[in-house]
$ cat query_23.cif   # mmCIF, C-alpha atoms and all ligand atoms
data_final
#
loop_
_atom_site.label_atom_id
_atom_site.label_comp_id
_atom_site.auth_asym_id
_atom_site.auth_seq_id
_atom_site.Cartn_x
_atom_site.Cartn_y
_atom_site.Cartn_z
CA MET A 1 103.26 95.35 113.18
CA PRO A 2 101.60 98.62 112.13
CA LYS A 3 101.93 101.39 114.66
CA LYS A 4 98.96 102.52 116.74
CA ILE A 5 97.00 105.30 115.06
CA THR A 6 96.32 108.30 117.25
CA LYS A 7 94.11 111.25 116.36
CA LYS A 8 95.29 114.76 115.48
CA ARG A 9 93.53 117.84 114.08
CA THR A 10 95.09 120.04 111.42
CA GLY A 11 93.77 123.54 110.70
CA ALA A 12 90.37 124.93 111.56
CA SER A 13 87.56 122.44 111.03
CA GLN A 14 83.97 123.50 111.59
CA ARG A 15 82.14 122.77 114.82
CA LEU A 16 78.43 122.19 115.34
CA SER A 17 76.98 124.54 117.91
CA ALA A 18 73.97 123.80 120.12
CA LYS A 19 72.20 121.09 118.09
CA LYS A 20 73.51 117.60 118.70
CA ILE A 21 73.13 115.05 115.95
CA SER A 22 70.94 112.01 116.47
CA SER A 23 70.84 110.50 113.00
CA ILE A 24 73.41 110.07 110.21
CA ALA A 25 73.50 108.69 106.67
CA VAL A 26 76.38 106.80 105.08
CA ILE A 27 76.97 106.76 101.31
CA THR A 28 79.57 105.31 98.92
CA PRO A 29 79.44 107.33 95.67
CA GLY A 30 82.00 107.01 92.85
CA GLY A 31 84.17 104.02 92.00
CA ASP A 32 84.12 101.18 94.52
CA ALA A 33 87.32 100.27 96.35
CA PRO A 34 88.26 97.24 98.47
CA GLY A 35 87.72 98.19 102.12
CA MET A 36 84.60 100.31 101.54
CA ASN A 37 82.50 97.62 103.22
CA THR A 38 84.90 97.58 106.15
CA ALA A 39 84.41 101.34 106.43
CA ILE A 40 80.58 101.05 106.22
CA ARG A 41 80.71 98.53 109.06
CA ALA A 42 82.89 100.85 111.16
CA VAL A 43 80.56 103.81 110.55
CA VAL A 44 77.38 101.86 111.35
CA ARG A 45 78.79 100.19 114.46
CA THR A 46 80.37 103.39 115.82
CA ALA A 47 77.16 105.34 115.25
CA THR A 48 75.10 102.65 116.97
CA TYR A 49 77.55 102.60 119.88
CA HIS A 50 76.98 106.34 120.33
CA GLY A 51 73.20 105.96 120.17
CA LEU A 52 72.70 107.39 116.67
CA LYS A 53 70.21 106.19 114.11
CA VAL A 54 71.98 105.17 110.87
CA TRP A 55 70.70 105.27 107.31
CA GLY A 56 72.43 103.71 104.32
CA VAL A 57 72.08 105.43 100.95
CA GLU A 58 72.02 102.95 98.08
CA ARG A 59 73.60 103.63 94.64
CA GLY A 60 75.50 106.77 95.60
CA TRP A 61 74.17 110.27 94.89
CA TYR A 62 71.62 108.78 92.48
CA GLY A 63 70.08 106.95 95.43
CA LEU A 64 69.97 110.06 97.60
CA ILE A 65 68.23 112.03 94.85
CA ASN A 66 65.71 109.23 94.42
CA GLY A 67 65.15 108.33 98.06
CA LEU A 68 66.89 104.94 98.02
CA VAL A 69 67.67 105.14 101.72
CA LYS A 70 67.33 102.33 104.26
CA GLU A 71 67.85 102.02 107.99
CA MET A 72 70.92 100.10 109.06
CA GLY A 73 72.02 98.50 112.30
CA PRO A 74 74.90 96.40 113.63
CA LYS A 75 73.41 93.23 112.16
CA SER A 76 73.14 94.67 108.65
CA VAL A 77 76.93 94.99 108.51
CA SER A 78 77.73 91.51 109.82
CA GLY A 79 80.14 89.47 107.72
CA ILE A 80 81.23 92.29 105.39
CA ILE A 81 84.57 93.29 106.98
CA ASN A 82 86.43 91.17 104.41
CA LYS A 83 84.22 91.68 101.36
CA GLY A 84 85.29 93.74 98.35
CA GLY A 85 82.96 96.23 96.66
CA THR A 86 80.21 98.09 98.52
CA ILE A 87 77.02 96.53 99.89
CA LEU A 88 75.38 99.93 99.37
CA HIS A 89 76.15 99.76 95.63
CA THR A 90 77.33 102.80 93.71
CA ARG A 91 76.64 104.62 90.48
CA ARG A 92 78.34 107.48 88.65
CA THR A 93 75.82 110.34 89.00
CA PRO A 94 76.65 113.30 86.74
CA GLU A 95 73.11 114.62 87.44
CA PHE A 96 74.27 115.50 90.97
CA ASN A 97 76.00 118.46 89.30
CA GLU A 98 72.58 120.06 88.82
CA LYS A 99 71.36 122.11 91.75
CA GLN A 100 67.74 120.99 91.42
CA ASN A 101 68.86 117.38 91.93
CA ARG A 102 71.00 118.28 94.93
CA LYS A 103 67.93 120.01 96.38
CA MET A 104 65.96 116.78 95.91
CA ALA A 105 68.74 114.90 97.71
CA TYR A 106 68.58 117.40 100.57
CA ASN A 107 64.80 116.96 100.80
CA GLU A 108 65.30 113.20 101.21
CA LEU A 109 67.58 113.86 104.18
CA ARG A 110 65.07 116.23 105.76
CA LEU A 111 62.20 113.81 105.23
CA ARG A 112 64.01 111.28 107.43
CA GLN A 113 65.40 113.86 109.84
CA ILE A 114 68.97 112.90 108.97
CA ASP A 115 71.30 115.40 110.65
CA ALA A 116 74.70 114.59 109.11
CA MET A 117 76.50 112.41 106.58
CA VAL A 118 79.59 110.26 106.26
CA VAL A 119 80.72 110.05 102.63
CA ILE A 120 83.07 107.19 101.74
CA GLY A 121 84.72 107.84 98.38
CA GLY A 122 87.39 109.38 96.19
CA ASP A 123 88.35 112.86 95.08
CA GLY A 124 85.15 113.50 93.08
CA SER A 125 82.93 112.31 95.94
CA MET A 126 84.80 114.54 98.38
CA LYS A 127 84.27 117.62 96.19
CA SER A 128 80.58 116.83 95.61
CA ALA A 129 80.07 116.24 99.34
CA TYR A 130 81.67 119.56 100.19
CA ARG A 131 79.53 121.48 97.69
CA PHE A 132 76.42 119.78 99.12
CA MET A 133 77.47 120.70 102.65
CA LYS A 134 78.08 124.35 101.75
CA GLU A 135 74.81 124.68 99.84
CA PHE A 136 72.44 123.10 102.33
CA GLY A 137 74.34 123.24 105.61
CA VAL A 138 74.49 119.45 106.02
CA PRO A 139 77.42 118.49 108.27
CA VAL A 140 79.61 116.03 106.35
CA ASN A 141 82.82 114.13 107.03
CA VAL A 142 84.58 112.28 104.21
CA ILE A 143 86.50 109.01 104.44
CA PRO A 144 89.02 108.66 101.55
CA ALA A 145 88.34 105.42 99.67
CA SER A 146 89.61 104.93 96.13
CA ILE A 147 92.10 102.62 94.49
CA ASP A 148 93.70 105.74 92.93
CA ASN A 149 95.23 107.19 96.15
CA ASP A 150 94.75 110.65 94.65
CA ILE A 151 93.37 112.42 97.73
CA PRO A 152 95.56 114.92 99.56
CA GLY A 153 95.40 114.89 103.37
CA THR A 154 96.09 111.19 103.72
CA ASP A 155 99.11 109.04 102.94
CA PHE A 156 96.85 106.28 101.64
CA THR A 157 93.25 105.90 100.58
CA ILE A 158 91.25 102.82 101.54
CA GLY A 159 91.64 100.29 98.71
CA PHE A 160 94.91 101.52 97.26
CA ASP A 161 97.10 98.95 99.01
CA THR A 162 94.75 96.13 97.95
CA ALA A 163 94.72 97.27 94.32
CA VAL A 164 98.51 97.54 94.25
CA ASN A 165 98.87 94.02 95.67
CA THR A 166 96.39 92.64 93.14
CA ALA A 167 98.27 94.24 90.26
CA LEU A 168 101.60 93.13 91.68
CA GLU A 169 100.52 89.51 91.92
CA ALA A 170 99.41 89.63 88.27
CA ILE A 171 102.65 91.24 87.08
CA ASP A 172 104.76 88.68 88.96
CA LYS A 173 102.93 86.02 86.95
CA ILE A 174 103.37 87.96 83.71
CA ARG A 175 107.10 88.12 84.45
CA ASP A 176 107.29 84.30 84.40
CA THR A 177 105.88 84.03 80.90
CA ALA A 178 107.74 87.15 79.72
CA THR A 179 111.04 85.61 80.81
CA SER A 180 110.24 82.22 79.27
CA HIS A 181 109.59 83.80 75.86
CA GLU A 182 112.09 86.67 76.27
CA ARG A 183 109.32 89.18 75.51
CA LEU A 184 108.45 92.73 76.32
CA PHE A 185 105.10 93.12 78.11
CA VAL A 186 103.27 96.42 78.22
CA VAL A 187 100.95 96.27 81.24
CA GLU A 188 98.24 98.86 81.79
CA VAL A 189 97.13 99.62 85.34
CA MET A 190 94.34 101.95 86.51
CA GLY A 191 94.77 105.67 87.04
CA ARG A 192 93.07 108.06 84.62
CA HIS A 193 94.64 111.21 85.98
CA ASN A 194 97.58 110.03 88.07
CA GLY A 195 100.24 107.41 88.39
CA PHE A 196 100.09 106.36 92.05
CA ILE A 197 99.20 102.74 91.29
CA ALA A 198 101.64 102.52 88.36
CA LEU A 199 104.50 103.91 90.40
CA ASP A 200 104.01 101.65 93.44
CA VAL A 201 103.40 98.55 91.35
CA GLY A 202 106.21 99.31 88.91
CA LEU A 203 108.71 99.83 91.73
CA SER A 204 107.64 96.67 93.57
CA ALA A 205 107.51 94.53 90.42
CA GLY A 206 110.94 95.65 89.19
CA ALA A 207 109.45 97.07 85.99
CA GLU A 208 112.02 98.14 83.41
CA ALA A 209 110.04 101.36 82.81
CA ILE A 210 107.03 103.11 84.38
CA LEU A 211 104.85 105.55 82.45
CA ILE A 212 102.70 107.94 84.47
CA PRO A 213 100.56 110.89 83.32
CA GLU A 214 102.50 113.34 85.51
CA VAL A 215 105.80 112.81 83.64
CA PRO A 216 106.29 113.10 79.85
CA TYR A 217 107.77 109.93 78.40
CA ASP A 218 110.21 109.30 75.57
CA LEU A 219 109.69 105.99 73.77
CA ASP A 220 113.03 106.36 71.93
CA GLN A 221 114.82 106.50 75.28
CA ILE A 222 112.83 103.52 76.57
CA ALA A 223 113.76 101.57 73.42
CA ARG A 224 117.44 102.47 73.94
CA ASP A 225 117.24 101.28 77.57
CA ILE A 226 115.64 98.00 76.49
CA ARG A 227 118.33 97.45 73.85
CA ALA A 228 121.01 98.11 76.46
CA GLY A 229 119.28 95.62 78.76
CA GLN A 230 119.23 93.00 76.00
CA GLU A 231 122.96 93.51 75.53
CA ARG A 232 123.49 92.96 79.27
CA GLY A 233 121.57 89.69 78.98
CA LYS A 234 118.17 90.72 80.36
CA GLU A 235 115.61 88.07 79.50
CA SER A 236 112.36 89.99 79.83
CA PHE A 237 111.03 93.54 80.03
CA ILE A 238 107.95 94.91 81.71
CA LEU A 239 106.64 98.37 81.02
CA VAL A 240 103.97 99.46 83.53
CA VAL A 241 101.70 102.12 82.04
CA ALA A 242 99.06 104.15 83.90
CA GLU A 243 95.70 104.30 82.15
CA GLY A 244 96.03 108.09 81.66
CA CYS A 245 99.16 107.78 79.47
CA GLY A 246 97.27 107.04 76.27
CA ASN A 247 96.46 103.96 74.21
CA VAL A 248 98.56 101.11 75.48
CA TYR A 249 98.28 99.17 72.19
CA LYS A 250 99.69 102.14 70.28
CA ILE A 251 102.57 102.40 72.77
CA ALA A 252 103.26 98.68 72.29
CA ASP A 253 103.16 98.99 68.46
CA LYS A 254 105.61 101.91 68.51
CA LEU A 255 108.05 99.97 70.68
CA LYS A 256 107.71 96.91 68.49
CA ASP A 257 108.71 99.00 65.46
CA LYS A 258 111.79 100.28 67.27
CA LEU A 259 112.96 96.98 68.76
CA ASN A 260 113.86 93.46 67.79
CA ILE A 261 111.64 91.81 70.41
CA GLU A 262 108.19 90.23 70.66
CA VAL A 263 105.73 92.54 72.42
CA ARG A 264 102.51 91.63 74.25
CA VAL A 265 99.92 93.80 76.00
CA THR A 266 97.92 93.08 79.16
CA ASN A 267 95.33 95.47 80.54
CA LEU A 268 94.76 94.57 84.19
CA GLY A 269 91.57 96.65 84.26
CA TYR A 270 88.81 96.07 86.78
CA VAL A 271 90.47 93.15 88.52
CA GLN A 272 92.25 95.91 90.48
CA ARG A 273 88.97 97.23 91.90
CA GLY A 274 87.75 93.96 93.43
CA GLY A 275 88.80 91.35 95.92
CA THR A 276 89.36 90.90 99.62
CA PRO A 277 90.67 94.09 101.20
CA SER A 278 94.25 93.80 102.48
CA SER A 279 95.08 94.18 106.15
CA LEU A 280 96.23 97.78 105.54
CA SER A 281 93.01 98.72 103.70
CA ARG A 282 90.90 97.16 106.47
CA GLU A 283 92.85 98.71 109.32
CA LEU A 284 92.54 102.13 107.71
CA ALA A 285 88.82 101.63 107.09
CA CYS A 286 88.12 100.63 110.72
CA LYS A 287 90.01 103.58 112.17
CA LEU A 288 88.85 106.26 109.75
CA GLY A 289 85.25 105.03 109.93
CA ALA A 290 85.20 105.26 113.71
CA VAL A 291 86.82 108.72 113.81
CA ALA A 292 84.55 110.08 111.04
CA VAL A 293 81.49 109.33 113.19
CA GLU A 294 83.00 110.30 116.54
CA SER A 295 84.05 113.64 115.05
CA LEU A 296 80.43 114.31 114.05
CA VAL A 297 79.31 113.30 117.56
CA ASN A 298 81.82 115.82 118.92
CA GLY A 299 80.52 118.50 116.57
CA LEU A 300 83.40 118.42 114.09
CA TYR A 301 82.51 118.33 110.42
CA GLY A 302 83.67 119.49 106.99
CA ASN A 303 86.73 117.26 107.32
CA LEU A 304 88.60 114.71 105.32
CA ILE A 305 89.46 111.98 107.83
CA GLY A 306 92.89 110.78 106.72
CA ALA A 307 95.97 109.10 108.13
CA ILE A 308 99.43 110.66 107.94
CA SER A 309 102.41 108.70 109.29
CA ASP A 310 100.00 106.32 111.06
CA ARG A 311 98.10 109.10 112.82
CA VAL A 312 94.46 109.84 112.08
CA VAL A 313 94.27 113.45 110.94
CA LEU A 314 91.28 115.73 110.30
CA PHE A 315 91.85 118.11 107.38
CA PRO A 316 89.26 120.79 106.54
CA ILE A 317 88.01 119.87 103.06
CA ASP A 318 87.98 123.49 101.86
CA LYS A 319 91.78 123.57 102.27
CA ILE A 320 92.64 120.29 100.57
CA SER A 321 90.02 120.22 97.81
CA LYS A 322 91.96 122.95 95.99
CA THR A 323 95.27 121.06 96.17
CA LYS A 324 96.51 118.12 94.12
CA LYS A 325 98.31 115.18 95.69
CA GLN A 326 101.82 115.00 94.30
CA ILE A 327 103.64 111.94 93.04
CA ASP A 328 106.87 111.25 94.93
CA MET A 329 109.45 111.69 92.15
CA GLU A 330 112.06 110.04 94.34
CA HIS A 331 110.14 106.75 93.93
CA LEU A 332 110.40 107.07 90.16
CA ARG A 333 114.11 107.86 90.37
CA ILE A 334 114.75 104.79 92.54
CA ALA A 335 112.63 102.54 90.31
CA THR A 336 114.55 103.72 87.22
CA MET A 337 117.93 103.26 88.92
CA LEU A 338 117.09 99.75 90.13
CA ALA A 339 115.75 98.65 86.75
CA SER A 340 119.05 99.25 84.94
O1 LIG B 401 88.72 106.19 90.38
C1 LIG B 401 88.90 104.83 90.37
C2 LIG B 401 88.97 104.29 88.97
O2 LIG B 401 89.08 102.90 89.05
C3 LIG B 401 90.07 104.86 88.09
O3 LIG B 401 91.35 104.31 88.33
C4 LIG B 401 89.53 104.54 86.73
O4 LIG B 401 90.12 105.37 85.77
C5 LIG B 401 88.07 104.82 86.91
O5 LIG B 401 87.79 104.58 88.26
C6 LIG B 401 87.14 104.02 86.06
O6 LIG B 401 85.82 104.42 86.35
P1 LIG B 401 84.52 103.74 85.74
O7 LIG B 401 84.46 102.35 86.26
O8 LIG B 401 83.37 104.55 86.23
O9 LIG B 401 84.66 103.80 84.26
#
$ encode --input "query_23.cif" --output "structure tokens"
Amino acid sequence: MPKKITKKRTGASQRLSAKKISSIAVITPGGDAPGMNTAIRAVVRTATYHGLKVWGVERGWYGLINGLVKEMGPKSVSGIINKGGTILHTRRTPEFNEKQNRKMAYNELRLRQIDAMVVIGGDGSMKSAYRFMKEFGVPVNVIPASIDNDIPGTDFTIGFDTAVNTALEAIDKIRDTATSHERLFVVEVMGRHNGFIALDVGLSAGAEAILIPEVPYDLDQIARDIRAGQERGKESFILVVAEGCGNVYKIADKLKDKLNIEVRVTNLGYVQRGGTPSSLSRELACKLGAVAVESLVNGLYGNLIGAISDRVVLFPIDKISKTKKQIDMEHLRIATMLAS
């Protein structure tokens, strides 16, 4: 059973003074992640409970710039706790980098007398939200939701656990066919800039090697390890490669040239972004969603609402947005040791 999450504040977060909020908007910019809908539900229901009016922004920052904003209530989030994706839809919005567009977005908030925002998203969304808050004085709290798990200030992002389980289930199946044919499979998982998914999946799947962008790799050494494994009687080999490590087909071709083994490639791709959120992703979404709103009600904003060692923690975004979440190298060491 997961432990009970209690709330803790770290560092100096900002506090609203006299004016109490009466209306909030919720938005899911950036890549979708399983559990975002669970978080939207938590935000809408908590806000309603505290007597706030809630607005949902459709299609991320693009929707805020263009006024795609609708009123939401408890009924509009019925039946979504277990649905992947985001009912608000999302869209990559590079135009939000232009100040004139952010001003238009701010005007849309003012038009509807929206006092504060809850942003549900990844690292990029957090940084955009913070810039928006600083520029226009809109109180914002951010809920970390991304399959990448690349946000500091929280052990896990909403969606990461689901994505890892989806990838793991696929790799377990790949192992069956790899063993039957005594092949090497090179499996690409998501993660443009980091190897959190690759590392967790690789460790749990018993991958023979894990390639992540944070650590330089040596294909000659990997080939030597595979040869040594063949000599010990290993029947199959799985190399888990994070998206950010380069072209997976080229990696496979190079290994094929070095080894006497059949090589196949599977790119797990977008299957990792969809599906029913796991219990961990949902639990996190419910708790972080509730605290994100209640913090605004209590005048606390400018925070990333995360969970560290099962405790909900508020981190001021200005502190964590300059830091980079670090890979736990111990996990890689253990995975490498166990694969031999
Ligand atoms: O940030 C989540 C993520 O799924 C990354 O792992 C991946 O590199 C990226 O989004 C893909 O983004 P898009 O669907 O916009 O191309």
$ residues_near_ligand --input "query_23.cif" --ligand "ligand LIG 401 (chain B)" --cutoff "10 Å" --atoms "all atoms listed in the file" --output "PDB file with C-alpha atoms, keeping the file's coordinate frame"
ATOM      1  CA  GLY A  30      82.000 107.010  92.850  1.00  0.00           C
ATOM      2  CA  GLY A  31      84.170 104.020  92.000  1.00  0.00           C
ATOM      3  CA  ASP A  32      84.120 101.180  94.520  1.00  0.00           C
ATOM      4  CA  ALA A  33      87.320 100.270  96.350  1.00  0.00           C
ATOM      5  CA  THR A  90      77.330 102.800  93.710  1.00  0.00           C
ATOM      6  CA  ARG A  91      76.640 104.620  90.480  1.00  0.00           C
ATOM      7  CA  ARG A  92      78.340 107.480  88.650  1.00  0.00           C
ATOM      8  CA  THR A  93      75.820 110.340  89.000  1.00  0.00           C
ATOM      9  CA  GLY A 121      84.720 107.840  98.380  1.00  0.00           C
ATOM     10  CA  GLY A 122      87.390 109.380  96.190  1.00  0.00           C
ATOM     11  CA  ASP A 123      88.350 112.860  95.080  1.00  0.00           C
ATOM     12  CA  GLY A 124      85.150 113.500  93.080  1.00  0.00           C
ATOM     13  CA  ALA A 145      88.340 105.420  99.670  1.00  0.00           C
ATOM     14  CA  SER A 146      89.610 104.930  96.130  1.00  0.00           C
ATOM     15  CA  ILE A 147      92.100 102.620  94.490  1.00  0.00           C
ATOM     16  CA  ASP A 148      93.700 105.740  92.930  1.00  0.00           C
ATOM     17  CA  ASN A 149      95.230 107.190  96.150  1.00  0.00           C
ATOM     18  CA  ASP A 150      94.750 110.650  94.650  1.00  0.00           C
ATOM     19  CA  GLY A 159      91.640 100.290  98.710  1.00  0.00           C
ATOM     20  CA  PHE A 160      94.910 101.520  97.260  1.00  0.00           C
ATOM     21  CA  ALA A 163      94.720  97.270  94.320  1.00  0.00           C
ATOM     22  CA  VAL A 189      97.130  99.620  85.340  1.00  0.00           C
ATOM     23  CA  MET A 190      94.340 101.950  86.510  1.00  0.00           C
ATOM     24  CA  GLY A 191      94.770 105.670  87.040  1.00  0.00           C
ATOM     25  CA  ARG A 192      93.070 108.060  84.620  1.00  0.00           C
ATOM     26  CA  HIS A 193      94.640 111.210  85.980  1.00  0.00           C
ATOM     27  CA  ASN A 194      97.580 110.030  88.070  1.00  0.00           C
ATOM     28  CA  GLY A 195     100.240 107.410  88.390  1.00  0.00           C
ATOM     29  CA  PHE A 196     100.090 106.360  92.050  1.00  0.00           C
ATOM     30  CA  ILE A 197      99.200 102.740  91.290  1.00  0.00           C
ATOM     31  CA  ALA A 242      99.060 104.150  83.900  1.00  0.00           C
ATOM     32  CA  GLU A 243      95.700 104.300  82.150  1.00  0.00           C
ATOM     33  CA  GLY A 244      96.030 108.090  81.660  1.00  0.00           C
ATOM     34  CA  GLY A 269      91.570  96.650  84.260  1.00  0.00           C
ATOM     35  CA  TYR A 270      88.810  96.070  86.780  1.00  0.00           C
ATOM     36  CA  VAL A 271      90.470  93.150  88.520  1.00  0.00           C
ATOM     37  CA  GLN A 272      92.250  95.910  90.480  1.00  0.00           C
ATOM     38  CA  ARG A 273      88.970  97.230  91.900  1.00  0.00           C
TER      39      ARG A 273
END
$ closest_residue --input "query_23.cif" --among "A:Met337, A:Ala116, A:Val44, A:Ile143" --to "A:Leu314" --atoms "only C-alpha atoms"
A:Ile143
$ atom_distance --input "query_23.cif" --atom1 "atom CA of A:Arg282" --atom2 "atom CA of A:Ile81"
7.4 Å
$ closest_residue --input "query_23.cif" --among "A:Thr179, A:Thr166, A:Thr157, A:Ser22" --to "A:Glu235" --atoms "all atoms listed in the file"
A:Thr179
$ atom_distance --input "query_23.cif" --atom1 "atom CA of A:Pro94" --atom2 "atom CA of A:Ile27"
16.0 Å
$ residues_near_point --input "query_23.cif" --point "(79.3, 124.8, 107.5)" --cutoff "9 Å" --atoms "only C-alpha atoms" --output "PDB file with C-alpha atoms, in the frame of the given file"
ATOM      1  CA  GLN A  14      83.970 123.500 111.590  1.00  0.00           C
ATOM      2  CA  ARG A  15      82.140 122.770 114.820  1.00  0.00           C
ATOM      3  CA  LEU A  16      78.430 122.190 115.340  1.00  0.00           C
ATOM      4  CA  MET A 133      77.470 120.700 102.650  1.00  0.00           C
ATOM      5  CA  LYS A 134      78.080 124.350 101.750  1.00  0.00           C
ATOM      6  CA  GLU A 135      74.810 124.680  99.840  1.00  0.00           C
ATOM      7  CA  PHE A 136      72.440 123.100 102.330  1.00  0.00           C
ATOM      8  CA  GLY A 137      74.340 123.240 105.610  1.00  0.00           C
ATOM      9  CA  VAL A 138      74.490 119.450 106.020  1.00  0.00           C
ATOM     10  CA  PRO A 139      77.420 118.490 108.270  1.00  0.00           C
ATOM     11  CA  VAL A 140      79.610 116.030 106.350  1.00  0.00           C
ATOM     12  CA  TYR A 301      82.510 118.330 110.420  1.00  0.00           C
ATOM     13  CA  GLY A 302      83.670 119.490 106.990  1.00  0.00           C
TER      14      GLY A 302
END
$ atom_distance --input "query_23.cif" --atom1 "atom CA of A:Ile251" --atom2 "atom CA of A:Arg183"
15.1 Å
$ axis_aligned_box --input "query_23.cif" --around "stretch 120-139 of chain A" --padding-each-side "3 Å" --output "lines of an AutoDock Vina configuration file"
center_x = 80.4
center_y = 115.9
center_z = 100.7
size_x = 21.9
size_y = 23.5
size_z = 21.2
$ closest_residue --input "query_23.cif" --among "A:Lys20, A:Lys254, A:Arg102, A:Arg311" --to "A:Leu52" --atoms "only C-alpha atoms"
A:Lys20
$ residues_around --input "query_23.cif" --residues "A:Ala47" --least-positions-apart "5" --cutoff "10 Å" --atoms "only C-alpha atoms" --output "list in words"
Ser22, Ser23, Ile24, Ala25, Arg41, Ala42, Leu52, Lys53, Val54, Gly73, Pro74, Gly289, Ala290, Ala292, Val293, Glu294, Leu296 and Val297 of chain A
$ residues_around --input "query_23.cif" --residues "A:Arg333" --least-positions-apart "6" --cutoff "12 Å" --atoms "all atoms listed in the file" --output "list in words"
Leu199, Gly202, Leu203, Ala209, Ile210, Val215, Ile327, Ala339 and Ser340 of chain A
$ closest_residue --input "query_23.cif" --among "A:Glu108, A:Asp220, A:Asp161, A:Asp328" --to "A:Lys70" --atoms "all atoms listed in the file"
A:Glu108
$ residues_around --input "query_23.cif" --residues "A:His89" --least-positions-apart "3" --cutoff "6 Å" --atoms "all atoms listed in the file" --output "list of chain:residue names"
A:Glu58, A:Arg59, A:Thr86
$ closest_residue --input "query_23.cif" --among "A:Gly246, A:Ala285, A:Met126, A:Ser278" --to "A:Val43" --atoms "all atoms listed in the file"
A:Ala285
$ residues_around --input "query_23.cif" --residues "A:Thr276" --least-positions-apart "6" --cutoff "8 Å" --atoms "all atoms listed in the file" --output "list in words"
Pro34, Gly35, Asn82, Lys83, Gly84 and Thr162 of chain A
